[in-house]
Every structure is written in structure tokens, then in C-alpha cells.
>>> print(open('protein-v6.txt').read())   # compact mmCIF, C-alpha atoms
# COMPACT_ATOMS: atom_id res chain seq x y z
CA MET A 1 116.97 88.85 70.32
CA LYS A 2 115.74 92.36 69.53
CA VAL A 3 113.35 93.95 72.03
CA LEU A 4 111.38 97.10 71.24
CA ALA A 5 109.57 98.71 74.20
CA ILE A 6 106.63 101.05 73.63
CA HIS A 7 106.03 103.45 76.51
CA ASN A 8 103.83 106.52 76.96
CA ILE A 9 105.97 109.32 78.48
CA LEU A 10 109.68 109.93 78.94
CA TRP A 11 108.99 111.86 82.19
CA SER A 12 108.52 108.57 84.07
CA HIS A 13 111.75 108.63 86.04
CA TYR A 14 110.90 105.36 87.78
CA LYS A 15 111.02 103.61 84.38
CA ALA A 16 114.35 105.18 83.44
CA LYS A 17 116.30 102.95 85.81
CA ILE A 18 114.57 99.79 84.58
CA PHE A 19 115.04 100.66 80.91
CA THR A 20 118.69 101.56 81.50
CA GLU A 21 119.37 98.27 83.28
CA LEU A 22 117.54 96.30 80.57
CA HIS A 23 119.65 97.97 77.89
CA HIS A 24 122.96 97.26 79.64
CA ARG A 25 122.10 93.68 80.55
CA LEU A 26 120.75 92.75 77.14
CA GLN A 27 123.64 94.47 75.41
CA GLN A 28 126.08 92.35 77.45
CA GLU A 29 124.26 89.25 76.20
CA GLY A 30 124.49 90.42 72.59
CA HIS A 31 120.86 91.53 72.30
CA ASP A 32 119.29 94.84 71.27
CA PHE A 33 116.92 96.99 73.32
CA PHE A 34 115.23 100.19 72.15
CA VAL A 35 112.40 102.29 73.60
CA LEU A 36 109.72 104.24 71.74
CA GLN A 37 108.43 107.00 74.02
CA LEU A 38 105.21 108.54 72.70
CA ALA A 39 105.78 111.98 74.29
CA PHE A 40 107.93 113.79 76.80
CA SER A 41 105.14 114.19 79.34
CA GLU A 42 101.40 114.43 80.00
CA LEU A 43 99.22 117.49 80.52
CA SER A 44 99.15 117.26 84.32
CA ARG A 45 102.96 117.26 84.49
CA LEU A 46 103.85 119.85 81.85
CA GLY A 47 105.09 122.17 84.59
CA LEU A 48 107.74 119.64 85.57
CA LYS A 49 110.81 119.17 83.43
CA THR A 50 111.89 115.84 82.02
CA ASP A 51 115.27 114.88 83.44
CA LEU A 52 117.10 113.56 80.37
CA SER A 53 120.23 112.69 82.36
CA ILE A 54 118.62 109.55 83.81
CA HIS A 55 117.52 108.12 80.45
CA THR A 56 120.79 106.46 79.46
CA TYR A 57 119.38 103.90 77.04
CA PRO A 58 118.57 104.17 73.32
CA TYR A 59 115.17 105.77 72.75
CA GLU A 60 113.13 107.98 70.44
CA VAL A 61 110.34 110.38 71.39
CA LEU A 62 107.77 110.04 68.62
CA PHE A 63 105.83 113.25 69.33
CA PRO A 64 108.23 115.65 71.10
CA GLY A 65 106.02 118.71 70.66
CA LYS A 66 102.87 117.32 72.29
CA ALA A 67 101.60 116.02 75.62
CA VAL A 68 100.62 112.38 75.30
CA GLU A 69 96.89 113.24 75.54
CA GLN A 70 97.21 115.58 72.55
CA ILE A 71 98.33 112.90 70.09
CA GLY A 72 95.60 111.80 67.67
CA HIS A 73 94.94 108.07 67.38
CA ILE A 74 95.36 107.95 63.61
CA GLN A 75 98.62 109.87 63.71
CA LYS A 76 99.87 107.76 66.59
CA THR A 77 98.97 104.48 64.87
CA GLN A 78 100.68 105.49 61.65
CA LYS A 79 103.86 106.52 63.44
CA LEU A 80 103.96 103.40 65.61
CA LEU A 81 103.49 101.03 62.66
CA ALA A 82 106.10 102.87 60.59
CA THR A 83 108.59 102.66 63.45
CA LEU A 84 107.82 98.97 63.96
CA ARG A 85 108.55 98.30 60.28
CA HIS A 86 111.82 100.21 60.63
CA HIS A 87 113.07 98.39 63.74
CA GLN A 88 111.78 94.90 62.89
CA PRO A 89 111.94 93.60 66.48
CA GLY A 90 111.52 90.02 67.61
CA ILE A 91 109.72 91.08 70.79
CA VAL A 92 107.52 94.10 71.50
CA TYR A 93 107.28 95.11 75.16
CA LEU A 94 103.97 97.00 75.26
CA ASN A 95 102.80 99.17 78.16
CA GLY A 96 99.09 98.46 78.22
CA TYR A 97 95.99 97.68 76.20
CA TYR A 98 94.00 100.87 76.81
CA ASP A 99 95.13 102.78 73.70
CA PRO A 100 93.28 102.05 70.42
CA SER A 101 96.60 102.37 68.59
CA TYR A 102 97.91 99.39 70.53
CA TRP A 103 95.30 97.15 68.94
CA PHE A 104 96.89 97.91 65.57
CA VAL A 105 100.33 97.29 67.05
CA LEU A 106 99.11 93.93 68.37
CA ALA A 107 97.59 93.00 65.01
CA TYR A 108 100.80 93.93 63.20
CA CYS A 109 102.82 91.80 65.62
CA LYS A 110 100.56 88.78 65.12
CA ILE A 111 100.82 89.06 61.33
CA ARG A 112 104.61 89.44 61.49
CA LYS A 113 104.97 86.74 64.16
CA ILE A 114 106.49 89.21 66.62
CA LYS A 115 106.16 88.17 70.25
CA VAL A 116 104.28 90.58 72.57
CA VAL A 117 105.03 91.00 76.29
CA LEU A 118 102.36 93.16 77.93
CA ASP A 119 102.69 95.46 80.93
CA PHE A 120 99.43 94.74 82.77
CA GLU A 121 98.52 97.27 85.47
CA SER A 122 94.76 96.91 85.93
CA SER A 123 93.10 95.28 88.91
CA GLU A 124 89.51 94.16 89.34
CA ILE A 125 88.65 96.94 91.79
CA SER A 126 89.91 99.81 89.64
CA ARG A 127 86.51 100.81 88.28
CA ARG A 128 83.02 99.55 87.47
CA ARG A 129 83.26 96.69 85.00
CA VAL A 130 81.29 96.72 81.72
CA TRP A 131 80.73 93.31 80.11
CA TRP A 132 81.68 94.24 76.55
CA LYS A 133 84.87 95.95 77.69
CA GLU A 134 85.78 92.85 79.67
CA ARG A 135 85.33 90.73 76.56
CA LEU A 136 87.56 93.06 74.55
CA LYS A 137 90.23 92.79 77.24
CA LYS A 138 90.04 89.01 77.08
CA VAL A 139 90.57 89.17 73.32
CA PHE A 140 93.57 91.50 73.64
CA LEU A 141 95.19 89.60 76.48
CA GLY A 142 94.54 86.31 74.70
CA GLN A 143 96.71 87.44 71.80
CA CYS A 144 99.66 88.46 73.96
CA ASP A 145 102.43 85.95 74.50
CA ALA A 146 103.12 86.92 78.12
CA LEU A 147 102.18 89.38 80.83
CA VAL A 148 104.36 91.13 83.39
CA CYS A 149 102.02 92.41 86.08
CA LEU A 150 102.00 95.44 88.37
CA GLY A 151 101.71 93.45 91.58
CA GLN A 152 99.62 90.54 92.79
CA LYS A 153 96.24 92.25 92.35
CA ALA A 154 96.91 92.78 88.65
CA ALA A 155 97.91 89.12 88.29
CA GLU A 156 94.69 87.99 90.00
CA TYR A 157 92.64 90.11 87.59
CA ALA A 158 94.52 88.71 84.59
CA LEU A 159 93.65 85.18 85.73
CA LYS A 160 89.97 86.19 85.84
CA LEU A 161 90.34 87.41 82.26
CA ASP A 162 91.31 83.85 81.25
CA VAL A 163 95.06 84.40 81.07
CA SER A 164 96.80 81.17 82.00
CA ARG A 165 99.10 81.29 85.00
CA GLU A 166 101.98 80.12 82.80
CA ARG A 167 101.77 83.32 80.74
CA ILE A 168 102.10 85.58 83.82
CA LEU A 169 105.88 85.77 84.01
CA SER A 170 106.30 88.42 86.71
CA THR A 171 104.26 90.12 89.42
CA LYS A 172 107.02 92.57 90.38
CA ASN A 173 107.04 94.81 87.34
CA VAL A 174 106.92 97.95 89.44
CA GLY A 175 109.61 99.83 91.26
CA VAL A 176 111.51 103.00 91.90
CA ASP A 177 115.23 103.71 91.75
CA ASN A 178 115.83 102.60 95.34
CA ASP A 179 119.53 103.49 95.48
CA ALA A 180 119.27 106.93 93.89
CA LEU A 181 116.32 107.97 96.07
CA LEU A 182 117.94 106.69 99.26
CA GLU A 183 121.19 108.50 98.46
CA ILE A 184 119.34 111.83 98.15
CA PHE A 185 117.26 111.17 101.26
CA THR A 186 120.29 110.23 103.37
CA ARG A 187 122.26 113.26 102.21
CA GLU A 188 119.41 115.68 102.95
CA LEU A 189 118.41 114.13 106.28
CA ALA A 190 121.07 116.15 108.09
CA SER A 191 119.13 119.34 107.29
CA ARG A 192 115.81 117.96 108.56
CA ASP A 193 115.53 120.02 111.73
CA ARG A 194 116.52 123.27 110.04
CA ARG A 195 114.02 122.77 107.20
CA LYS A 196 111.24 121.86 109.62
CA ALA A 197 111.86 125.00 111.61
CA GLU A 198 111.90 127.16 108.48
CA ALA A 199 108.61 125.63 107.29
CA GLY A 200 106.99 125.97 110.71
CA LEU A 201 106.36 122.24 110.99
CA PRO A 202 105.54 120.51 114.29
CA ARG A 203 107.53 117.70 115.89
CA TYR A 204 105.83 114.87 113.95
CA ASN A 205 104.24 114.84 110.49
CA PHE A 206 102.21 112.68 108.17
CA LEU A 207 103.02 113.12 104.46
CA TYR A 208 101.11 112.71 101.21
CA ALA A 209 103.04 113.48 98.00
CA GLY A 210 101.31 113.32 94.62
CA ARG A 211 98.55 114.81 92.55
CA PHE A 212 95.51 116.51 94.04
CA VAL A 213 92.78 114.71 92.11
CA GLU A 214 89.54 113.13 93.28
CA ARG A 215 90.63 109.49 93.47
CA LYS A 216 93.47 110.41 95.83
CA ASN A 217 90.78 110.87 98.52
CA LEU A 218 92.53 113.83 100.11
CA ASP A 219 89.33 115.33 101.52
CA MET A 220 88.93 112.15 103.59
CA LEU A 221 92.57 112.39 104.66
CA ILE A 222 92.09 115.96 105.86
CA ARG A 223 88.90 115.13 107.77
CA ALA A 224 90.40 112.00 109.34
CA PHE A 225 93.55 113.86 110.36
CA HIS A 226 91.48 116.68 111.89
CA GLU A 227 89.47 114.13 113.87
CA ALA A 228 92.54 112.19 115.02
CA LYS A 229 94.50 115.22 116.20
CA ASN A 230 91.50 116.45 118.19
CA ARG A 231 91.22 113.07 119.89
CA SER A 232 94.92 112.67 120.58
CA GLU A 233 96.57 113.90 123.76
CA ILE A 234 99.55 115.00 121.66
CA GLY A 235 97.57 116.09 118.59
CA LYS A 236 99.17 119.53 118.64
CA GLU A 237 102.55 117.89 118.03
CA TRP A 238 101.38 116.46 114.69
CA GLY A 239 101.07 118.01 111.25
CA LEU A 240 99.93 116.89 107.81
CA ILE A 241 102.10 117.75 104.79
CA LEU A 242 100.32 117.79 101.42
CA SER A 243 102.91 118.02 98.64
CA GLY A 244 101.79 118.41 95.05
CA GLU A 245 99.32 120.12 92.77
CA GLY A 246 96.03 119.44 91.04
CA ARG A 247 92.58 120.74 90.19
CA GLN A 248 91.20 119.85 93.63
CA LYS A 249 93.64 122.03 95.53
CA PRO A 250 91.36 125.11 95.93
CA ARG A 251 88.50 122.93 97.24
CA LEU A 252 90.84 121.16 99.66
CA GLN A 253 92.20 124.46 100.91
CA GLU A 254 88.67 125.67 101.53
CA LEU A 255 87.95 122.45 103.47
CA VAL A 256 90.99 123.08 105.68
CA ARG A 257 89.82 126.65 106.33
CA SER A 258 86.29 125.53 107.18
CA LEU A 259 87.62 122.97 109.68
CA GLY A 260 90.04 125.44 111.19
CA CYS A 261 92.78 122.85 110.79
CA GLU A 262 95.94 124.95 111.08
CA GLN A 263 98.26 121.95 111.13
CA VAL A 264 97.89 121.18 107.40
CA HIS A 265 100.96 122.38 105.50
CA TRP A 266 100.94 122.81 101.71
CA MET A 267 104.01 122.32 99.54
CA GLU A 268 104.27 123.08 95.84
CA PRO A 269 105.05 120.31 93.31
CA CYS A 270 108.72 119.63 92.69
CA GLU A 271 111.01 117.59 90.49
CA TRP A 272 111.45 113.88 91.25
CA TYR A 273 114.92 114.36 92.75
CA GLU A 274 113.52 116.98 95.17
CA VAL A 275 110.75 114.72 96.49
CA PRO A 276 113.05 112.78 98.88
CA VAL A 277 113.72 116.09 100.66
CA ARG A 278 110.00 116.30 101.48
CA TYR A 279 110.13 112.85 103.04
CA THR A 280 112.92 113.93 105.40
CA LEU A 281 110.39 116.29 107.00
CA ALA A 282 107.88 113.54 107.78
CA ASP A 283 107.51 110.49 109.99
CA VAL A 284 104.69 108.47 108.38
CA ALA A 285 103.67 108.34 104.70
CA VAL A 286 99.95 108.12 103.84
CA LEU A 287 98.34 106.96 100.58
CA PRO A 288 94.53 107.31 100.96
CA SER A 289 93.42 106.69 97.35
CA THR A 290 90.11 105.09 96.42
CA PHE A 291 92.11 103.32 93.71
CA GLU A 292 95.75 103.01 92.61
CA PRO A 293 97.09 100.33 90.25
CA PHE A 294 100.00 100.21 92.68
CA GLY A 295 101.04 103.48 94.35
CA PHE A 296 104.72 104.45 94.22
CA LEU A 297 104.44 106.54 97.38
CA THR A 298 104.49 103.25 99.29
CA ASN A 299 107.70 102.12 97.58
CA GLU A 300 109.45 105.43 98.18
CA ALA A 301 108.52 105.70 101.86
CA MET A 302 109.70 102.15 102.52
CA VAL A 303 113.01 102.87 100.78
CA TYR A 304 113.46 105.64 103.35
CA ALA A 305 112.55 103.23 106.20
CA MET A 306 109.31 105.05 107.01
CA PRO A 307 106.11 103.45 108.30
CA VAL A 308 103.20 103.60 105.85
CA LEU A 309 99.42 103.91 106.02
CA VAL A 310 97.96 102.69 102.72
CA SER A 311 94.42 102.34 101.40
CA GLU A 312 93.45 98.71 100.83
CA ARG A 313 92.35 99.71 97.32
CA CYS A 314 95.94 100.39 96.28
CA GLY A 315 97.87 97.54 94.69
CA SER A 316 100.88 98.21 96.91
CA ALA A 317 98.81 97.51 100.03
CA THR A 318 98.59 93.84 99.07
CA ASP A 319 102.21 93.40 98.02
CA LEU A 320 104.10 95.64 100.41
CA VAL A 321 102.11 96.39 103.58
CA ILE A 322 101.84 93.92 106.45
CA ASP A 323 99.54 95.21 109.19
CA GLY A 324 101.44 96.00 112.34
CA LEU A 325 104.82 95.10 110.83
CA ASN A 326 105.66 98.05 108.58
CA GLY A 327 102.39 99.98 108.67
CA PHE A 328 98.66 99.46 108.18
CA ARG A 329 96.02 99.08 105.50
CA PHE A 330 92.61 100.70 105.84
CA ASP A 331 89.24 101.09 104.12
CA PRO A 332 89.37 104.47 102.31
CA SER A 333 85.58 104.87 102.57
CA ASN A 334 85.58 104.54 106.36
CA GLN A 335 86.62 107.80 108.00
CA GLU A 336 86.40 106.39 111.53
CA GLU A 337 88.78 103.54 110.72
CA PHE A 338 91.09 105.95 108.91
CA ALA A 339 91.15 108.33 111.89
CA ASN A 340 91.79 105.45 114.28
CA LYS A 341 94.84 104.37 112.28
CA LEU A 342 96.19 107.93 112.24
CA LEU A 343 95.56 108.11 115.97
CA TRP A 344 97.50 104.87 116.50
CA PHE A 345 100.56 106.42 114.86
CA MET A 346 100.17 109.57 116.92
CA SER A 347 100.22 107.42 120.06
CA HIS A 348 103.16 105.17 119.13
CA PRO A 349 106.13 107.18 117.77
CA GLU A 350 108.45 104.77 119.57
CA LYS A 351 107.41 102.09 117.04
CA PHE A 352 108.48 104.04 113.95
CA ARG A 353 112.13 102.99 113.79
CA GLN A 354 111.42 99.24 113.90
CA MET A 355 108.43 99.48 111.53
CA GLY A 356 110.55 101.47 109.09
CA ALA A 357 113.35 98.89 109.26
CA ASN A 358 110.82 96.12 108.59
CA GLY A 359 109.54 97.99 105.56
CA LYS A 360 113.06 98.56 104.24
CA ALA A 361 113.69 94.80 104.34
CA ILE A 362 110.52 94.22 102.31
CA ILE A 363 111.21 96.85 99.65
CA ASP A 364 114.76 95.58 99.16
CA GLN A 365 113.10 92.60 97.43
CA TRP A 366 111.60 95.04 94.90
CA SER A 367 114.86 96.58 93.75
CA PRO A 368 115.40 97.53 90.09
CA ASP A 369 117.98 94.73 89.77
CA ILE A 370 115.42 92.09 90.77
CA ILE A 371 112.75 93.57 88.50
CA THR A 372 115.20 93.78 85.59
CA GLU A 373 116.19 90.14 86.06
CA GLU A 374 112.56 89.01 85.96
CA LEU A 375 111.93 91.03 82.80
CA ILE A 376 114.99 89.62 81.06
CA GLN A 377 113.97 86.09 81.97
CA SER A 378 110.50 86.87 80.61
CA PHE A 379 111.98 88.01 77.28
CA HIS A 380 114.07 84.85 77.04
CA LYS A 381 111.09 82.61 77.77
CA VAL A 382 108.95 84.36 75.19
CA SER A 383 111.73 84.27 72.62
CA ALA A 384 111.87 80.49 73.00
CA TYR A 385 108.13 80.05 72.32
CA ASP A 386 107.24 78.31 69.06
>>> encode(input="protein-v6.txt", output="C-alpha cells")
Amino acid sequence: MKVLAIHNILWSHYKAKIFTELHHRLQQEGHDFFVLQLAFSELSRLGLKTDLSIHTYPYEVLFPGKAVEQIGHIQKTQKLLATLRHHQPGIVYLNGYYDPSYWFVLAYCKIRKIKVVLDFESSEISRRRVWWKERLKKVFLGQCDALVCLGQKAAEYALKLDVSRERILSTKNVGVDNDALLEIFTRELASRDRRKAEAGLPRYNFLYAGRFVERKNLDMLIRAFHEAKNRSEIGKEWGLILSGEGRQKPRLQELVRSLGCEQVHWMEPCEWYEVPVRYTLADVAVLPSTFEPFGFLTNEAMVYAMPVLVSERCGSATDLVIDGLNGFRFDPSNQEEFANKLLWFMSHPEKFRQMGANGKAIIDQWSPDIITEELIQSFHKVSAYD
């Protein structure tokens, strides 16, 4: 069995662990695994370096001098097809259907009788649906031999696109490097109090870490936090950490100034291995997005045994969050509900330890080892298809 994975950017550190484990496991079984990365990174992350040390599997970056958005479709298609002819795989592990070049990859695979396993990340609520696009998706998905889905919501959407349940071979194809992140977090936790004092942080803190773009719904987060702290008897003991960068940052900063909300603390973007340090400063992680295919913030916070507050429009809310057990879900369009959930956390810090432990038990079932095993079993099943 020879598996060729096609992925968009090498920067994706959360994929490095999965690809590395796939390579080692398949190599032990006498099979080949190789990854085609289209580019090192994307435009929004060009300021962050790609950590090559974690990519310990065989790979090639097809367009090393460009961000992935800068690659022309014709050039990309030509390079992908040439590389496919060179590698002659038995299985192509393809990360999506959204790229026009992937239609040519799919056609080539059908002609050459190469099996296709598709990473399927979309969910029905991700955006407004257009009938002709839905039909095109059905055509594409109908030609794939199997799907590995980014959580239960993605699997439900695939079923609505006429994919048979038998062809959905995994709903856990999402994860972070649990062990590596936890090791950093645990090591840095000893310096928590000193770092909080240096940053001028209050006793308790909510944390959002990610990009500052519209769908992250950070303006709602700021307003809801401002409302909750004003209603809480201990509101002055709580802060909100916003860690990241993005085009909305100036507008969000102006919103904070207009509200007079002095307890919002800004932190610049950092490398992936520095992010766990930010979590040591916080008590509850918040993901307020109006849409996320999944939302890795949820995974990371649960690895660190932190309670979570996650928008119900994030895929991870369905798979990982149980209301009252390890956190809460909420409607990201309802500021009152959002503020009430923030207020609940402000009023119940004694619950954090047990909620965090509950979350850690859940996320342990989404470890890279488990995800790798499901992917390998998927490749074997597809390889056996007539």
C-alpha cells in the first residue's frame, strides 16, 4: 500500500503529529506514506515561522516561495498531476474539495483507479447554501471512496450530501498533539503567578487565542464580558485575555476604549509552542465564533484541564462540550445568554478543577494515537475495495 497525502500548508503543527505517526505506523507494516504540502504557510500566518523540527515524515513543499493563496490554479494543477504521476500511489489522502485543482486530482485518480480518501471538514451551518454548489459537492463526494470527517457535524452534513454511512470511516479526524502541549503547559505552570503579576492580570481570566477576524465574533465577546463583569459581585477580579492578531484588531481596541473596559488584556501572536504559556495565565477558555468547522481552542483547553465556553456553531461544541460537565455551549448571536454563561463562571470558580478534569477525560479519547489508528484502518478498508 502506497499512500500519498495532499495538504495545503506545512505550518499546520497539529497535522505534523498525525502525519508523523501515520508514517511510522505504515512503515512498520511495510507500506509507504508521503505528503505533498502545497506551501509553507498562508498569508495570515506569514509572520509566524514554520517549525520544521516537528515534521519528521517524508514530504515535499511544492511551492516553497509562495503563500498558499498566491499559487495559481493552472500552475498548481500541473504540479500536482506531475507529482502524482511520479509517485504512482495506490491511495490519495486529499484534504478537501474546495480547490479547483483537486477536481483534476480526483479525475486523474478515477482514470488511474487510485483510491481517494477525503478529509471532509464542512458542516451544514458553515454558510448559506447555494443549490448548484451543493450539487457539485454531491458529485465530488460521490466519486471519493471514503470520507474521514472533522467531527460529528461534518459527518451529518456528508450524509445529507448522499454519502452512504458505510463510506464515512471516521468522525475523529481532528486533534492536537496532546502530549507535547501538555508537557509545555505543565512545565510553564510554575511561573503562572509571576507572569500574571508582570502582565498586570487579575486573579481570574477568560482567554481567547486565535485570529482576530469577523467570524470569531470577538466584538460580542467583549460586550458580553463587559456586561457580565458589571453584573458580577467579583467582576473586578476577572479579566479577558485576547491573544492573536488580525485585521479586526484596531476596531476591537476602539470598542474596548469606548466601553471603558480596562480589564481586556491584549497579547501579540506567538509560535504554537508558546501558546500553552498563554493558557497558564487563564482559568476558562472561550470560543465565540459564528462558525468553526471544529475549533482547536476547545481541544487545547481541555488538554490543559480547563473549563470551556464554546459557541454552538463550532463543530467541537457537539463532539467535546457537555453542558455543566466540562463547560457550556451558547448561542453566539445572543449576547444576554453569552453574558449569563460568563457570569456563571465568574460566580463558580470552585467548579473549575472538577470541570477541567472532566474535560481532560473526554479529550483523552481524541489523542493522536486514536486518530492515527482510525486513519490507518480507513486506508486498509479502502485498499481492500474492488
>>> atom_distance(input="protein-v6.txt", atom1="atom CA of A:Ala301", atom2="atom CA of A:Ala285")
6.2 Å
>>> residues_around(input="protein-v6.txt", residues="stretch 262-278 of chain A", least_positions_apart="3", cutoff="8 Å", atoms="only C-alpha atoms", output="list in words")
His13, Leu48, Lys49, Leu181, Leu182, Ile184, Phe185, Glu188, Leu189, Leu201, Ala209, Ile222, Lys236, Trp238, Gly239, Leu240, Ile241, Leu242, Ser243, Gly244, Glu245, Val256, Arg257, Leu281 and Ala282 of chain A
>>> residues_around(input="protein-v6.txt", residues="A:Ala107", least_positions_apart="6", cutoff="12 Å", atoms="only C-alpha atoms", output="list in words")
Thr77, Leu81, Leu84, Val92, Pro100, Ser101, Lys113, Ile114, Lys115, Val116, Val139, Phe140, Gln143 and Cys144 of chain A
>>> closest_atom_pairs(input="protein-v6.txt", of="stretch 193-230 of chain A", to="stretch 25-46 of chain A", cutoff="12 Å", atoms="all atoms listed in the file", output="tab-separated table")
residue	atom	partner	partner_atom	distance
A:Gly210	CA	A:Arg45	CA	11.0
A:Arg211	CA	A:Ser44	CA	8.6
A:Phe212	CA	A:Ser44	CA	10.4
A:Val213	CA	A:Ser44	CA	10.4
>>> atom_distance(input="protein-v6.txt", atom1="atom CA of A:Thr171", atom2="atom CA of A:Val68")
26.6 Å
>>> atom_distance(input="protein-v6.txt", atom1="atom CA of A:His226", atom2="atom CA of A:Pro293")
27.7 Å
>>> closest_atom_pairs(input="protein-v6.txt", of="stretch 113-216 of chain A", to="stretch 344-363 of chain A", cutoff="10 Å", atoms="only C-alpha atoms", output="CSV")
residue,atom,partner,partner_atom,distance
A:Gly175,CA,A:Ile363,CA,9.0
A:Val176,CA,A:Ile363,CA,9.9
A:Asn178,CA,A:Ile363,CA,8.5
A:Tyr204,CA,A:Met346,CA,8.3
A:Asn205,CA,A:Met346,CA,9.3
A:Phe206,CA,A:Phe345,CA,9.3
>>> closest_residue(input="protein-v6.txt", among="A:Ala224, A:Val308, A:Ala384, A:Met302", to="A:Pro332", atoms="all atoms listed in the file")
A:Ala224
>>> residues_near_point(input="protein-v6.txt", point="(96.4, 85.2, 82.9)", cutoff="12 Å", atoms="only C-alpha atoms", output="ChimeraX atom specification")
/A:118,120,137-149,152-171
>>> write_last_selection(input="protein-v6.txt", atoms="C-alpha atoms", output="PDB file, in the frame of the given file")
ATOM      1  CA  LEU A 118     102.360  93.160  77.930  1.00  0.00           C
ATOM      2  CA  PHE A 120      99.430  94.740  82.770  1.00  0.00           C
ATOM      3  CA  LYS A 137      90.230  92.790  77.240  1.00  0.00           C
ATOM      4  CA  LYS A 138      90.040  89.010  77.080  1.00  0.00           C
ATOM      5  CA  VAL A 139      90.570  89.170  73.320  1.00  0.00           C
ATOM      6  CA  PHE A 140      93.570  91.500  73.640  1.00  0.00           C
ATOM      7  CA  LEU A 141      95.190  89.600  76.480  1.00  0.00           C
ATOM      8  CA  GLY A 142      94.540  86.310  74.700  1.00  0.00           C
ATOM      9  CA  GLN A 143      96.710  87.440  71.800  1.00  0.00           C
ATOM     10  CA  CYS A 144      99.660  88.460  73.960  1.00  0.00           C
ATOM     11  CA  ASP A 145     102.430  85.950  74.500  1.00  0.00           C
ATOM     12  CA  ALA A 146     103.120  86.920  78.120  1.00  0.00           C
ATOM     13  CA  LEU A 147     102.180  89.380  80.830  1.00  0.00           C
ATOM     14  CA  VAL A 148     104.360  91.130  83.390  1.00  0.00           C
ATOM     15  CA  CYS A 149     102.020  92.410  86.080  1.00  0.00           C
ATOM     16  CA  GLN A 152      99.620  90.540  92.790  1.00  0.00           C
ATOM     17  CA  LYS A 153      96.240  92.250  92.350  1.00  0.00           C
ATOM     18  CA  ALA A 154      96.910  92.780  88.650  1.00  0.00           C
ATOM     19  CA  ALA A 155      97.910  89.120  88.290  1.00  0.00           C
ATOM     20  CA  GLU A 156      94.690  87.990  90.000  1.00  0.00           C
ATOM     21  CA  TYR A 157      92.640  90.110  87.590  1.00  0.00           C
ATOM     22  CA  ALA A 158      94.520  88.710  84.590  1.00  0.00           C
ATOM     23  CA  LEU A 159      93.650  85.180  85.730  1.00  0.00           C
ATOM     24  CA  LYS A 160      89.970  86.190  85.840  1.00  0.00           C
ATOM     25  CA  LEU A 161      90.340  87.410  82.260  1.00  0.00           C
ATOM     26  CA  ASP A 162      91.310  83.850  81.250  1.00  0.00           C
ATOM     27  CA  VAL A 163      95.060  84.400  81.070  1.00  0.00           C
ATOM     28  CA  SER A 164      96.800  81.170  82.000  1.00  0.00           C
ATOM     29  CA  ARG A 165      99.100  81.290  85.000  1.00  0.00           C
ATOM     30  CA  GLU A 166     101.980  80.120  82.800  1.00  0.00           C
ATOM     31  CA  ARG A 167     101.770  83.320  80.740  1.00  0.00           C
ATOM     32  CA  ILE A 168     102.100  85.580  83.820  1.00  0.00           C
ATOM     33  CA  LEU A 169     105.880  85.770  84.010  1.00  0.00           C
ATOM     34  CA  SER A 170     106.300  88.420  86.710  1.00  0.00           C
ATOM     35  CA  THR A 171     104.260  90.120  89.420  1.00  0.00           C
TER      36      THR A 171
END
>>> residues_near_point(input="protein-v6.txt", point="(102.5, 108.1, 69.4)", cutoff="7 Å", atoms="all atoms listed in the file", output="list in words")
Leu38, Leu62, Phe63, Ile71, Lys76, Thr77, Lys79 and Leu80 of chain A
>>> closest_residue(input="protein-v6.txt", among="A:Val117, A:Leu297, A:Leu207, A:Leu150", to="A:Asp319", atoms="all atoms listed in the file")
A:Leu150
>>> closest_residue(input="protein-v6.txt", among="A:Leu94, A:Ile9, A:Cys314, A:Ile371", to="A:Ser289", atoms="only C-alpha atoms")
A:Cys314
>>> closest_residue(input="protein-v6.txt", among="A:Lys229, A:His24, A:Arg85, A:Arg223", to="A:Asp369", atoms="all atoms listed in the file")
A:His24
>>> closest_residue(input="protein-v6.txt", among="A:Ala197, A:Asn340, A:Leu106, A:Thr318", to="A:Asn230", atoms="all atoms listed in the file")
A:Asn340
>>> closest_residue(input="protein-v6.txt", among="A:Thr83, A:Gln253, A:Thr20, A:Gly246", to="A:Gly47", atoms="all atoms listed in the file")
A:Gly246
>>> decode(input="protein-v6.txt", residues="stretch 287-300 of chain A", atoms="N, CA and C atoms", output="mmCIF file, in the first residue's frame")
data_model
loop_
_atom_site.group_PDB
_atom_site.id
_atom_site.type_symbol
_atom_site.label_atom_id
_atom_site.label_comp_id
_atom_site.auth_asym_id
_atom_site.auth_seq_id
_atom_site.Cartn_x
_atom_site.Cartn_y
_atom_site.Cartn_z
ATOM 1 N N LEU A 287 -14.507 30.231 23.075
ATOM 2 C CA LEU A 287 -14.504 30.229 21.608
ATOM 3 C C LEU A 287 -15.874 30.727 21.141
ATOM 4 N N PRO A 288 -15.985 32.018 20.751
ATOM 5 C CA PRO A 288 -17.301 32.615 20.494
ATOM 6 C C PRO A 288 -17.725 32.651 19.026
ATOM 7 N N SER A 289 -17.058 31.914 18.151
ATOM 8 C CA SER A 289 -17.212 32.066 16.706
ATOM 9 C C SER A 289 -18.640 31.855 16.211
ATOM 10 N N THR A 290 -18.985 32.577 15.153
ATOM 11 C CA THR A 290 -20.264 32.341 14.480
ATOM 12 C C THR A 290 -20.195 31.094 13.605
ATOM 13 N N PHE A 291 -18.985 30.629 13.324
ATOM 14 C CA PHE A 291 -18.797 29.336 12.664
ATOM 15 C C PHE A 291 -17.350 28.891 12.785
ATOM 16 N N GLU A 292 -17.151 27.626 13.102
ATOM 17 C CA GLU A 292 -15.855 26.946 13.050
ATOM 18 C C GLU A 292 -16.112 25.520 12.586
ATOM 19 N N PRO A 293 -15.361 25.016 11.589
ATOM 20 C CA PRO A 293 -15.511 23.601 11.253
ATOM 21 C C PRO A 293 -15.348 22.712 12.494
ATOM 22 N N PHE A 294 -14.398 23.079 13.336
ATOM 23 C CA PHE A 294 -14.252 22.374 14.608
ATOM 24 C C PHE A 294 -13.893 23.374 15.714
ATOM 25 N N GLY A 295 -12.652 23.843 15.725
ATOM 26 C CA GLY A 295 -12.226 24.814 16.733
ATOM 27 C C GLY A 295 -11.213 24.209 17.673
ATOM 28 N N PHE A 296 -9.924 24.305 17.328
ATOM 29 C CA PHE A 296 -8.879 23.637 18.098
ATOM 30 C C PHE A 296 -8.656 24.255 19.472
ATOM 31 N N LEU A 297 -9.128 25.483 19.686
ATOM 32 C CA LEU A 297 -9.029 26.071 21.012
ATOM 33 C C LEU A 297 -9.685 25.162 22.049
ATOM 34 N N THR A 298 -10.799 24.549 21.682
ATOM 35 C CA THR A 298 -11.500 23.650 22.604
ATOM 36 C C THR A 298 -10.616 22.471 22.972
ATOM 37 N N ASN A 299 -10.017 21.836 21.957
ATOM 38 C CA ASN A 299 -9.119 20.706 22.214
ATOM 39 C C ASN A 299 -8.002 21.104 23.165
ATOM 40 N N GLU A 300 -7.332 22.217 22.841
ATOM 41 C CA GLU A 300 -6.165 22.615 23.630
ATOM 42 C C GLU A 300 -6.544 22.885 25.086
#
